[in-house]
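start33.cif (mmCIF, C-alpha atoms and all ligand atoms) appears below.
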data_coords
#
loop_
_atom_site.label_atom_id
_atom_site.label_comp_id
_atom_site.auth_asym_id
_atom_site.auth_seq_id
_atom_site.Cartn_x
_atom_site.Cartn_y
_atom_site.Cartn_z
CA MET A 234 100.52 309.80 126.87
CA LYS A 235 100.83 308.71 130.49
CA SER A 236 97.78 310.61 131.66
CA ASP A 237 95.65 309.74 128.64
CA LYS A 238 94.95 306.04 129.24
CA LYS A 239 92.84 305.02 126.34
CA ILE A 240 94.19 301.64 125.37
CA LEU A 241 92.25 298.83 126.97
CA ILE A 242 94.04 295.52 127.52
CA GLY A 243 92.42 292.34 128.74
CA ILE A 244 94.52 290.50 131.32
CA SER A 245 94.40 287.47 133.60
CA SER A 246 93.36 289.00 136.94
CA CYS A 247 96.04 287.26 139.01
CA LEU A 248 98.77 289.12 137.05
CA LEU A 249 97.46 292.39 138.46
CA GLY A 250 97.87 291.14 142.02
CA GLU A 251 94.31 289.99 142.58
CA LYS A 252 94.24 287.03 144.99
CA VAL A 253 92.14 284.80 142.77
CA ARG A 254 94.37 281.77 142.27
CA PHE A 255 93.37 278.29 143.46
CA ASP A 256 95.53 278.74 146.59
CA GLY A 257 94.26 282.25 147.34
CA GLN A 258 97.45 283.86 146.05
CA HIS A 259 98.24 286.13 143.11
CA LYS A 260 100.97 286.30 140.47
CA MET A 261 101.49 290.03 140.21
CA ASP A 262 103.81 290.99 137.38
CA ARG A 263 105.67 294.19 138.23
CA TYR A 264 106.54 295.17 134.65
CA ILE A 265 102.92 294.88 133.56
CA VAL A 266 101.53 296.72 136.57
CA ASP A 267 104.21 299.40 137.11
CA ILE A 268 105.48 300.14 133.59
CA LEU A 269 102.89 299.07 131.03
CA GLY A 270 100.14 300.15 133.42
CA GLN A 271 101.20 303.79 132.94
CA TYR A 272 100.07 303.65 129.31
CA VAL A 273 97.06 301.33 129.26
CA ASP A 274 93.92 300.51 131.20
CA PHE A 275 93.43 296.89 132.21
CA PHE A 276 90.30 294.80 131.89
CA PRO A 277 90.89 291.88 134.28
CA VAL A 278 89.35 288.47 133.66
CA CYS A 279 89.59 285.43 135.93
CA PRO A 280 87.61 282.69 134.20
CA GLU A 281 87.79 280.32 137.17
CA VAL A 282 86.44 282.76 139.76
CA GLU A 283 84.01 284.50 137.40
CA SER A 284 82.53 281.13 136.46
CA GLY A 285 81.59 280.61 140.10
CA LEU A 286 84.51 278.64 141.55
CA THR A 287 85.64 279.50 145.06
CA ILE A 288 88.90 280.88 146.45
CA PRO A 289 90.66 278.69 147.48
CA ARG A 290 89.63 275.79 145.25
CA GLU A 291 90.92 272.51 143.95
CA SER A 292 93.70 272.88 141.39
CA MET A 293 93.14 271.65 137.82
CA ARG A 294 95.07 270.40 134.84
CA LEU A 295 94.57 269.59 131.19
CA VAL A 296 94.24 265.85 130.61
CA SER A 297 94.41 264.03 127.30
CA THR A 298 91.50 261.55 127.15
CA ASP A 299 89.65 259.59 124.47
CA ARG A 300 87.09 262.45 124.55
CA GLY A 301 89.80 264.96 123.70
CA ILE A 302 91.68 267.32 126.00
CA ARG A 303 89.68 267.96 129.18
CA LEU A 304 90.02 270.32 132.15
CA ILE A 305 89.97 268.08 135.22
CA THR A 306 90.49 268.78 138.91
CA ASN A 307 93.50 267.08 140.47
CA LYS A 308 92.00 265.39 143.55
CA THR A 309 88.33 264.69 142.89
CA LYS A 310 88.84 264.27 139.11
CA THR A 311 85.84 266.49 138.35
CA ASP A 312 85.58 267.37 134.67
CA MET A 313 85.19 271.17 134.43
CA THR A 314 85.50 271.42 130.65
CA ASP A 315 81.84 271.92 129.71
CA MET A 316 81.30 274.44 132.50
CA MET A 317 84.38 276.44 131.50
CA GLN A 318 83.48 276.38 127.80
CA LYS A 319 79.97 277.59 128.55
CA PHE A 320 81.27 280.40 130.74
CA SER A 321 83.90 281.38 128.15
CA GLU A 322 81.36 281.53 125.34
CA LYS A 323 79.20 283.96 127.30
CA LYS A 324 82.14 286.02 128.52
CA LEU A 325 83.61 286.33 125.03
CA ASP A 326 80.25 287.43 123.64
CA ASN A 327 80.32 290.25 126.19
CA LEU A 328 83.93 291.13 125.39
CA VAL A 329 82.92 291.90 121.78
CA LYS A 330 81.45 295.14 123.14
CA LYS A 331 84.72 296.14 124.86
CA PRO A 332 87.40 298.00 122.86
CA ILE A 333 90.10 295.52 123.87
CA CYS A 334 93.36 296.01 121.93
CA ALA A 335 95.35 293.08 123.35
CA PHE A 336 95.25 290.33 125.98
CA ILE A 337 97.96 289.23 128.40
CA PHE A 338 97.39 285.70 129.66
CA LYS A 339 98.83 283.92 132.70
CA SER A 340 101.38 281.45 131.39
CA ARG A 341 100.96 277.70 131.88
CA SER A 342 97.43 277.94 133.31
CA PRO A 343 95.02 275.20 132.12
CA THR A 344 92.37 277.90 131.86
CA SER A 345 94.31 281.00 130.81
CA GLY A 346 97.61 279.80 129.30
CA MET A 347 98.02 280.65 125.61
CA THR A 348 100.78 278.18 124.70
CA ARG A 349 102.85 275.26 126.03
CA VAL A 350 100.39 274.39 128.81
CA LYS A 351 101.07 270.95 130.32
CA VAL A 352 98.77 268.20 129.08
CA TYR A 353 98.82 265.04 131.19
CA PRO A 354 98.07 261.56 129.82
CA GLU A 355 94.91 260.15 131.45
CA ASN A 356 96.64 257.01 132.64
CA GLY A 357 99.72 258.65 134.08
CA GLY A 358 103.10 259.40 132.59
CA ALA A 359 104.98 262.54 131.71
CA PRO A 360 103.01 265.60 130.54
CA ARG A 361 103.60 267.25 127.17
CA ASN A 362 103.89 271.04 126.91
CA SER A 363 101.45 271.19 124.05
CA GLY A 364 98.19 272.58 125.42
CA THR A 365 96.26 275.84 125.44
CA GLY A 366 93.99 276.95 128.28
CA ILE A 367 90.27 276.52 127.69
CA PHE A 368 89.43 280.24 127.95
CA SER A 369 92.52 281.52 126.10
CA ASP A 370 91.98 279.06 123.26
CA MET A 371 88.42 280.26 122.76
CA PHE A 372 89.54 283.90 123.04
CA MET A 373 92.16 283.49 120.31
CA LYS A 374 89.68 281.75 118.01
CA LYS A 375 87.03 284.42 118.50
CA PHE A 376 89.44 287.38 118.18
CA PRO A 377 92.18 286.17 115.81
CA HIS A 378 93.53 289.68 115.11
CA ILE A 379 93.85 290.91 118.69
CA PRO A 380 97.51 290.67 119.84
CA VAL A 381 98.03 288.19 122.68
CA GLU A 382 100.98 287.26 124.87
CA ASP A 383 101.66 285.71 128.25
CA GLU A 384 103.64 287.31 131.06
CA GLY A 385 106.39 284.69 130.82
CA ARG A 386 107.14 285.44 127.16
CA LEU A 387 107.02 289.17 127.89
CA ASN A 388 110.30 288.75 129.81
CA ASP A 389 112.01 288.31 126.44
CA PRO A 390 112.92 291.87 125.25
CA GLN A 391 112.22 291.08 121.57
CA LEU A 392 108.86 289.44 122.25
CA ARG A 393 107.94 292.31 124.56
CA GLU A 394 108.80 294.92 121.93
CA ASN A 395 106.89 292.96 119.29
CA PHE A 396 103.79 292.63 121.46
CA ILE A 397 103.72 296.30 122.45
CA GLU A 398 104.29 297.38 118.87
CA ARG A 399 101.35 295.21 117.83
CA LEU A 400 99.03 296.43 120.54
CA PHE A 401 99.62 300.11 119.68
CA ALA A 402 99.17 299.30 115.97
CA TYR A 403 95.94 297.43 116.72
CA LYS A 404 94.66 300.41 118.69
CA ARG A 405 95.31 302.64 115.66
CA TRP A 406 93.51 300.08 113.49
CA THR A 407 90.40 300.13 115.71
CA ASP A 408 90.51 303.94 115.79
CA MET A 409 90.55 303.94 111.99
CA LEU A 410 87.57 301.55 111.90
CA CYS A 411 85.67 303.83 114.32
CA HIS A 412 86.44 307.20 112.77
CA SER A 413 87.35 306.59 109.14
CA ARG A 414 86.17 303.22 107.85
CA THR A 415 86.67 304.32 104.26
CA PRO A 416 89.14 303.63 101.44
CA ALA A 417 90.90 306.88 102.38
CA GLY A 418 91.11 305.78 106.03
CA LEU A 419 92.58 302.42 105.09
CA LEU A 420 95.07 304.00 102.69
CA ASP A 421 96.22 306.41 105.36
CA PHE A 422 96.67 303.53 107.84
CA HIS A 423 98.58 301.56 105.22
CA GLN A 424 100.84 304.47 104.24
CA ARG A 425 101.86 305.15 107.81
CA HIS A 426 102.49 301.50 108.67
CA LYS A 427 104.47 300.58 105.56
CA LEU A 428 107.93 300.61 107.12
CA ILE A 429 106.90 298.99 110.38
CA LEU A 430 105.32 296.12 108.43
CA MET A 431 108.39 295.91 106.18
CA ALA A 432 110.57 295.55 109.29
CA HIS A 433 108.51 292.56 110.40
CA SER A 434 107.90 290.95 107.04
CA PRO A 435 108.79 292.20 103.56
CA VAL A 436 106.45 289.51 102.16
CA HIS A 437 103.41 290.80 104.06
CA TYR A 438 104.43 294.37 103.23
CA LYS A 439 104.22 293.54 99.51
CA ALA A 440 100.90 291.70 99.98
CA ALA A 441 99.47 294.75 101.81
CA GLY A 442 100.40 296.89 98.79
CA LYS A 443 98.47 294.55 96.52
CA ILE A 444 95.40 294.55 98.78
CA THR A 445 95.27 298.35 98.90
CA GLY A 446 95.91 298.58 95.18
CA ASN A 447 92.56 296.91 94.44
CA LEU A 448 90.19 298.99 96.52
CA LYS A 449 87.55 299.45 93.84
CA LYS A 450 87.21 295.78 92.95
CA LYS A 451 85.86 294.46 96.26
CA LYS A 452 83.52 295.39 99.07
CA MET A 453 85.07 297.47 101.86
CA ASP A 454 84.34 294.86 104.57
CA SER A 455 86.16 292.10 102.73
CA ILE A 456 89.12 294.38 101.93
CA LEU A 457 89.40 295.37 105.59
CA GLU A 458 89.31 291.72 106.66
CA GLU A 459 91.93 290.77 104.08
CA TYR A 460 94.14 293.69 105.11
CA ILE A 461 94.03 293.10 108.86
CA GLU A 462 94.58 289.35 108.43
CA ASN A 463 97.71 290.00 106.38
CA PHE A 464 98.86 292.80 108.72
CA THR A 465 98.36 290.64 111.82
CA GLU A 466 100.26 287.70 110.36
CA GLY A 467 103.12 289.93 109.22
CA MET A 468 103.44 291.83 112.49
CA LYS A 469 103.65 288.59 114.46
CA LEU A 470 106.99 287.84 112.80
CA LYS A 471 110.09 289.14 114.54
CA ALA A 472 111.61 292.39 113.30
CA THR A 473 115.13 290.97 113.15
CA VAL A 474 118.37 292.95 112.99
CA SER A 475 118.79 292.24 109.27
CA LYS A 476 115.20 293.27 108.47
CA ASN A 477 115.63 296.49 110.49
CA TYR A 478 118.96 297.09 108.75
CA ASN A 479 117.20 296.92 105.36
CA VAL A 480 114.49 299.32 106.50
CA LEU A 481 117.12 301.77 107.79
CA GLN A 482 118.88 301.68 104.42
CA HIS A 483 115.53 302.17 102.70
CA ILE A 484 114.93 305.27 104.85
CA MET A 485 118.39 306.64 104.08
CA GLY A 486 117.60 306.22 100.37
CA TYR A 487 115.03 309.02 100.62
CA PHE A 488 117.66 311.65 101.36
CA ARG A 489 120.86 309.98 100.16
CA LYS A 490 121.45 312.64 97.50
CA GLU A 491 121.30 315.41 100.05
CA LEU A 492 123.88 313.89 102.38
CA THR A 493 127.53 314.90 102.40
CA ALA A 494 130.17 312.19 102.02
CA ASP A 495 130.93 312.51 105.73
CA ASP A 496 127.25 312.19 106.68
CA LYS A 497 126.93 309.01 104.60
CA LYS A 498 130.07 307.54 106.08
CA TYR A 499 128.91 308.22 109.61
CA ILE A 500 125.38 306.89 109.03
CA LEU A 501 126.67 303.67 107.47
CA HIS A 502 129.09 303.28 110.37
CA VAL A 503 126.17 303.55 112.84
CA PHE A 504 124.10 301.07 110.79
CA ASP A 505 126.98 298.60 110.82
CA GLN A 506 127.44 298.96 114.56
CA TYR A 507 123.77 298.15 114.96
CA LYS A 508 124.12 295.15 112.66
CA GLU A 509 127.03 293.86 114.71
CA GLY A 510 125.02 294.12 117.92
CA LEU A 511 127.18 296.88 119.41
CA ILE A 512 124.39 299.45 119.74
CA PRO A 513 120.60 299.19 120.10
CA LEU A 514 118.04 300.03 117.41
CA ILE A 515 117.14 303.29 119.12
CA VAL A 516 120.52 304.78 118.03
CA PRO A 517 120.16 304.49 114.19
CA VAL A 518 116.45 305.32 114.50
CA THR A 519 117.25 308.51 116.42
CA LEU A 520 119.85 309.38 113.80
CA MET A 521 117.31 308.84 111.01
CA ASN A 522 114.80 311.02 112.84
CA TYR A 523 117.39 313.78 112.95
CA PHE A 524 117.92 313.71 109.17
CA ILE A 525 114.20 313.31 108.45
CA ASN A 526 113.56 316.54 110.40
CA ARG A 527 116.52 318.26 108.82
CA PHE A 528 115.37 317.45 105.26
CA ASP A 529 111.68 317.80 106.14
CA GLU A 530 110.78 314.36 104.75
CA LYS A 531 107.00 314.39 105.26
CA TYR A 532 106.33 310.79 104.17
CA LEU A 533 108.98 309.43 106.52
CA SER A 534 108.06 311.62 109.46
CA ASN A 535 104.57 310.06 109.38
CA GLN A 536 105.93 306.51 109.59
CA TYR A 537 105.06 304.69 112.81
CA TYR A 538 108.27 302.68 112.37
CA LEU A 539 110.14 305.67 113.77
CA SER A 540 107.93 305.96 116.84
CA PRO A 541 105.70 302.90 117.27
CA PHE A 542 105.09 303.38 121.02
CA PRO A 543 105.97 305.91 123.73
CA ASP A 544 109.77 306.36 123.92
CA GLU A 545 109.59 306.09 127.71
CA LEU A 546 108.91 302.35 127.41
CA LYS A 547 112.55 302.06 126.23
CA LEU A 548 111.78 298.96 124.20
CA ARG A 549 114.37 299.63 121.52
CA ASN A 550 117.20 300.14 123.96
CA HIS A 551 118.44 296.52 123.95
CA ALA A 552 121.36 295.56 121.69
S1 LIG A 601 95.45 281.95 135.68
FE1 LIG A 601 93.47 282.66 134.97
S2 LIG A 601 91.98 281.37 135.97
FE2 LIG A 601 93.89 281.11 137.07
S3 LIG A 601 93.80 282.59 138.73
FE3 LIG A 601 94.84 283.59 137.03
S4 LIG A 601 93.20 284.64 135.97
FE4 LIG A 601 92.21 283.15 137.29
#
Please express what this file holds, its structure, as structure tokens.
Amino acid sequence: MKSDKKILIGISSCLLGEKVRFDGQHKMDRYIVDILGQYVDFFPVCPEVESGLTIPRESMRLVSTDRGIRLITNKTKTDMTDMMQKFSEKKLDNLVKKPICAFIFKSRSPTSGMTRVKVYPENGGAPRNSGTGIFSDMFMKKFPHIPVEDEGRLNDPQLRENFIERLFAYKRWTDMLCHSRTPAGLLDFHQRHKLILMAHSPVHYKAAGKITGNLKKKKMDSILEEYIENFTEGMKLKATVSKNYNVLQHIMGYFRKELTADDKKYILHVFDQYKEGLIPLIVPVTLMNYFINRFDEKYLSNQYYLSPFPDELKLRNHA
């Protein structure tokens, strides 16, 4: 996996260590560069520099005005909104041609921040953390199914795991669209992602079953759109301990009859330890993988829930 970098991720350039910030500095993120960078290729974007602004340059902020939220420079009060929107429109049109499977934005930036960016009142006063950067906002509207995060939120182990799970799933989705955009291709994708979707949202898991149960009644394009919309919404929800616990029990149900009393007792003990936060998810998952191999459970062994991303990322090792 490490040598076969085929997943392309868009990213705010400064997070890679490029000195493109207003003060000529960067904001390199070591996890992204050193760890995630072993598994993906990056497609850096700096909207401010690529739109023609200099390094260094005047800093900017989002300002709430009677013309809406505007991107305005701090000293000279130059309104950069129209320029940035124009640039973003063109850039995003070009990005359609790139096989981007996710985007990591620089947190809190008035251009690139995806959430909780400071918005200042025009006439002074305390800012509210309620804005979205001009470029990131337009990106998310144009590509609503592409997983996005910012480097600040990626410090949270659960959000990090969720994002990386989603980006690998989205890559598999785009591969399916490229190589097997057929009812059979969609059904295969759905079959193999059932448990992972169940772990994030039982509601969306059920809805996905209904969508794929009606394949003859609608056109393929509208089914695909309906499916990915539901899948994206479901996968955004956190795979909590109790949802994972239910999925683990569901898995055990496939070979319950073949287990000895001692096996069952031990498995349930491990599940309970996970539920109590004493051991990480990787432990019951590894145990399930052992029994799936032992009983040659084909359906389960194809489930991405059991191996959603390279093990070396160690994302399921937190209790
Ligand atoms: S936050 Fe965005 S616009 Fe600002 S330096 Fe980084 S990449 Fe460029």
- [ ] One decimal, Å: what's the distance from atom CA of Val474 of chain A over to atom CA of His433 of chain A, could you say?
- [x]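 Between atom CA of Val474 of chain A and atom CA of His433 of chain A the gap is 10.2 Å.
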Open item on the list: When you count all atoms listed in the file, which of these residues is closest to ligand LIG 601 (chain A): A:Tyr532, A:Tyr264, A:Phe320, A:Tyr537?
Closed with: A:Phe320
Task: Two-atom distance - atom CA of Pro343 of chain A, atom CA of Tyr403 of chain A (Å) - done: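 So the two atoms, atom CA of Pro343 of chain A and atom CA of Tyr403 of chain A, lie 27.1 Å apart.
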Could you list, as an mmCIF file with C-alpha atoms, in the coordinates of the input, all protein and nucleic acid residues with an atom at most 8 Å from ligand LIG 601 (chain A), counting all atoms listed in the file?
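The result, written out as out02.cif:
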data_model
loop_
_atom_site.group_PDB
_atom_site.id
_atom_site.type_symbol
_atom_site.label_atom_id
_atom_site.label_comp_id
_atom_site.auth_asym_id
_atom_site.auth_seq_id
_atom_site.Cartn_x
_atom_site.Cartn_y
_atom_site.Cartn_z
ATOM 1 C CA ILE A 244 94.520 290.500 131.320
ATOM 2 C CA SER A 245 94.400 287.470 133.600
ATOM 3 C CA SER A 246 93.360 289.000 136.940
ATOM 4 C CA CYS A 247 96.040 287.260 139.010
ATOM 5 C CA LEU A 248 98.770 289.120 137.050
ATOM 6 C CA LYS A 252 94.240 287.030 144.990
ATOM 7 C CA VAL A 253 92.140 284.800 142.770
ATOM 8 C CA ARG A 254 94.370 281.770 142.270
ATOM 9 C CA PHE A 255 93.370 278.290 143.460
ATOM 10 C CA HIS A 259 98.240 286.130 143.110
ATOM 11 C CA LYS A 260 100.970 286.300 140.470
ATOM 12 C CA PRO A 277 90.890 291.880 134.280
ATOM 13 C CA VAL A 278 89.350 288.470 133.660
ATOM 14 C CA CYS A 279 89.590 285.430 135.930
ATOM 15 C CA PRO A 280 87.610 282.690 134.200
ATOM 16 C CA GLU A 281 87.790 280.320 137.170
ATOM 17 C CA VAL A 282 86.440 282.760 139.760
ATOM 18 C CA PHE A 338 97.390 285.700 129.660
ATOM 19 C CA LYS A 339 98.830 283.920 132.700
ATOM 20 C CA SER A 340 101.380 281.450 131.390
ATOM 21 C CA ARG A 341 100.960 277.700 131.880
ATOM 22 C CA SER A 342 97.430 277.940 133.310
ATOM 23 C CA PRO A 343 95.020 275.200 132.120
ATOM 24 C CA THR A 344 92.370 277.900 131.860
ATOM 25 C CA SER A 345 94.310 281.000 130.810
ATOM 26 C CA GLY A 346 97.610 279.800 129.300
#
Return as lines of an AutoDock Vina configuration file the centre and edge lengths, in Å with one decimal, of the box along x, y and z that encloses every atom of segment 476-495 of chain A in the file, padded by 6 Å per side.
center_x = 122.7
center_y = 304.3
center_z = 104.0
size_x = 28.4
size_y = 34.1
size_z = 25.0
Open item on the list: For a quick check of your reading of the model, name the residues lying within 12 Å of the coordinate (116.0, 295.8, 113.1), counting all atoms listed in the file, and write them as an NGL selection string.
Closed with: :A and (391 or 394-395 or 428-434 or 471-482 or 504-510 or 512-518 or 538-539 or 549-552)
Residues as selected, C-alpha atoms, written as a PDB file, in the coordinates of the input, can you do that?
ATOM      1  CA  GLN A 391     112.220 291.080 121.570  1.00  0.00           C
ATOM      2  CA  GLU A 394     108.800 294.920 121.930  1.00  0.00           C
ATOM      3  CA  ASN A 395     106.890 292.960 119.290  1.00  0.00           C
ATOM      4  CA  LEU A 428     107.930 300.610 107.120  1.00  0.00           C
ATOM      5  CA  ILE A 429     106.900 298.990 110.380  1.00  0.00           C
ATOM      6  CA  LEU A 430     105.320 296.120 108.430  1.00  0.00           C
ATOM      7  CA  MET A 431     108.390 295.910 106.180  1.00  0.00           C
ATOM      8  CA  ALA A 432     110.570 295.550 109.290  1.00  0.00           C
ATOM      9  CA  HIS A 433     108.510 292.560 110.400  1.00  0.00           C
ATOM     10  CA  SER A 434     107.900 290.950 107.040  1.00  0.00           C
ATOM     11  CA  LYS A 471     110.090 289.140 114.540  1.00  0.00           C
ATOM     12  CA  ALA A 472     111.610 292.390 113.300  1.00  0.00           C
ATOM     13  CA  THR A 473     115.130 290.970 113.150  1.00  0.00           C
ATOM     14  CA  VAL A 474     118.370 292.950 112.990  1.00  0.00           C
ATOM     15  CA  SER A 475     118.790 292.240 109.270  1.00  0.00           C
ATOM     16  CA  LYS A 476     115.200 293.270 108.470  1.00  0.00           C
ATOM     17  CA  ASN A 477     115.630 296.490 110.490  1.00  0.00           C
ATOM     18  CA  TYR A 478     118.960 297.090 108.750  1.00  0.00           C
ATOM     19  CA  ASN A 479     117.200 296.920 105.360  1.00  0.00           C
ATOM     20  CA  VAL A 480     114.490 299.320 106.500  1.00  0.00           C
ATOM     21  CA  LEU A 481     117.120 301.770 107.790  1.00  0.00           C
ATOM     22  CA  GLN A 482     118.880 301.680 104.420  1.00  0.00           C
ATOM     23  CA  PHE A 504     124.100 301.070 110.790  1.00  0.00           C
ATOM     24  CA  ASP A 505     126.980 298.600 110.820  1.00  0.00           C
ATOM     25  CA  GLN A 506     127.440 298.960 114.560  1.00  0.00           C
ATOM     26  CA  TYR A 507     123.770 298.150 114.960  1.00  0.00           C
ATOM     27  CA  LYS A 508     124.120 295.150 112.660  1.00  0.00           C
ATOM     28  CA  GLU A 509     127.030 293.860 114.710  1.00  0.00           C
ATOM     29  CA  GLY A 510     125.020 294.120 117.920  1.00  0.00           C
ATOM     30  CA  ILE A 512     124.390 299.450 119.740  1.00  0.00           C
ATOM     31  CA  PRO A 513     120.600 299.190 120.100  1.00  0.00           C
ATOM     32  CA  LEU A 514     118.040 300.030 117.410  1.00  0.00           C
ATOM     33  CA  ILE A 515     117.140 303.290 119.120  1.00  0.00           C
ATOM     34  CA  VAL A 516     120.520 304.780 118.030  1.00  0.00           C
ATOM     35  CA  PRO A 517     120.160 304.490 114.190  1.00  0.00           C
ATOM     36  CA  VAL A 518     116.450 305.320 114.500  1.00  0.00           C
ATOM     37  CA  TYR A 538     108.270 302.680 112.370  1.00  0.00           C
ATOM     38  CA  LEU A 539     110.140 305.670 113.770  1.00  0.00           C
ATOM     39  CA  ARG A 549     114.370 299.630 121.520  1.00  0.00           C
ATOM     40  CA  ASN A 550     117.200 300.140 123.960  1.00  0.00           C
ATOM     41  CA  HIS A 551     118.440 296.520 123.950  1.00  0.00           C
ATOM     42  CA  ALA A 552     121.360 295.560 121.690  1.00  0.00           C
TER      43      ALA A 552
END
TODO: Please provide as JSON, numbers by chain all residues within 10 Å of segment 416-423 of chain A, with the sequence filter that same-chain residues fewer than 2 positions apart are discarded (counting all atoms listed in the file).
DONE: {"A": [402, 405, 406, 408, 409, 410, 412, 413, 414, 425, 426, 427, 428, 430, 438, 441, 442, 445, 446, 448, 449, 453, 456, 457, 460, 464, 535, 536, 537]}
- [ ] Find, counting only C-alpha atoms, the residue in A:Arg399, A:Lys319, A:Asp454, A:Thr407 that gets nearest to Glu466 of chain A.
- [x]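 Looking at the shortest contact to Glu466 of chain A, the residue is A:Arg399.
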Open item on the list: To one decimal place in Å, what is the distance between atom CA of Leu387 of chain A and atom CA of Val352 of chain A?
Closed with: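 Separation between atom CA of Leu387 of chain A and atom CA of Val352 of chain A: 22.6 Å.
Each of A:Met468, A:Gly486, A:Gln318, A:Met293 was compared to Thr306 of chain A using all atoms listed in the file, and A:Met293 turns out to be the nearest.
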Task: Shortest interatomic distance to Arg361 of chain A - which of A:Ile265, A:Ile444, A:Ile461, A:Ile302, counting all atoms listed in the file - done: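 Looking only at the distances to Arg361 of chain A, the closest residue turns out to be A:Ile302.
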Task: Closest of A:Lys547, A:His378, A:Arg489, A:Lys531 to Asn463 of chain A - atom-to-atom distances counting only C-alpha atoms - done: A:His378
Open item on the list: Given all atoms listed in the file as the basis, pick out the residue of A:Thr298, A:Asn388, A:Ser363, A:Thr311 nearest to Leu548 of chain A.
Closed with: A:Asn388
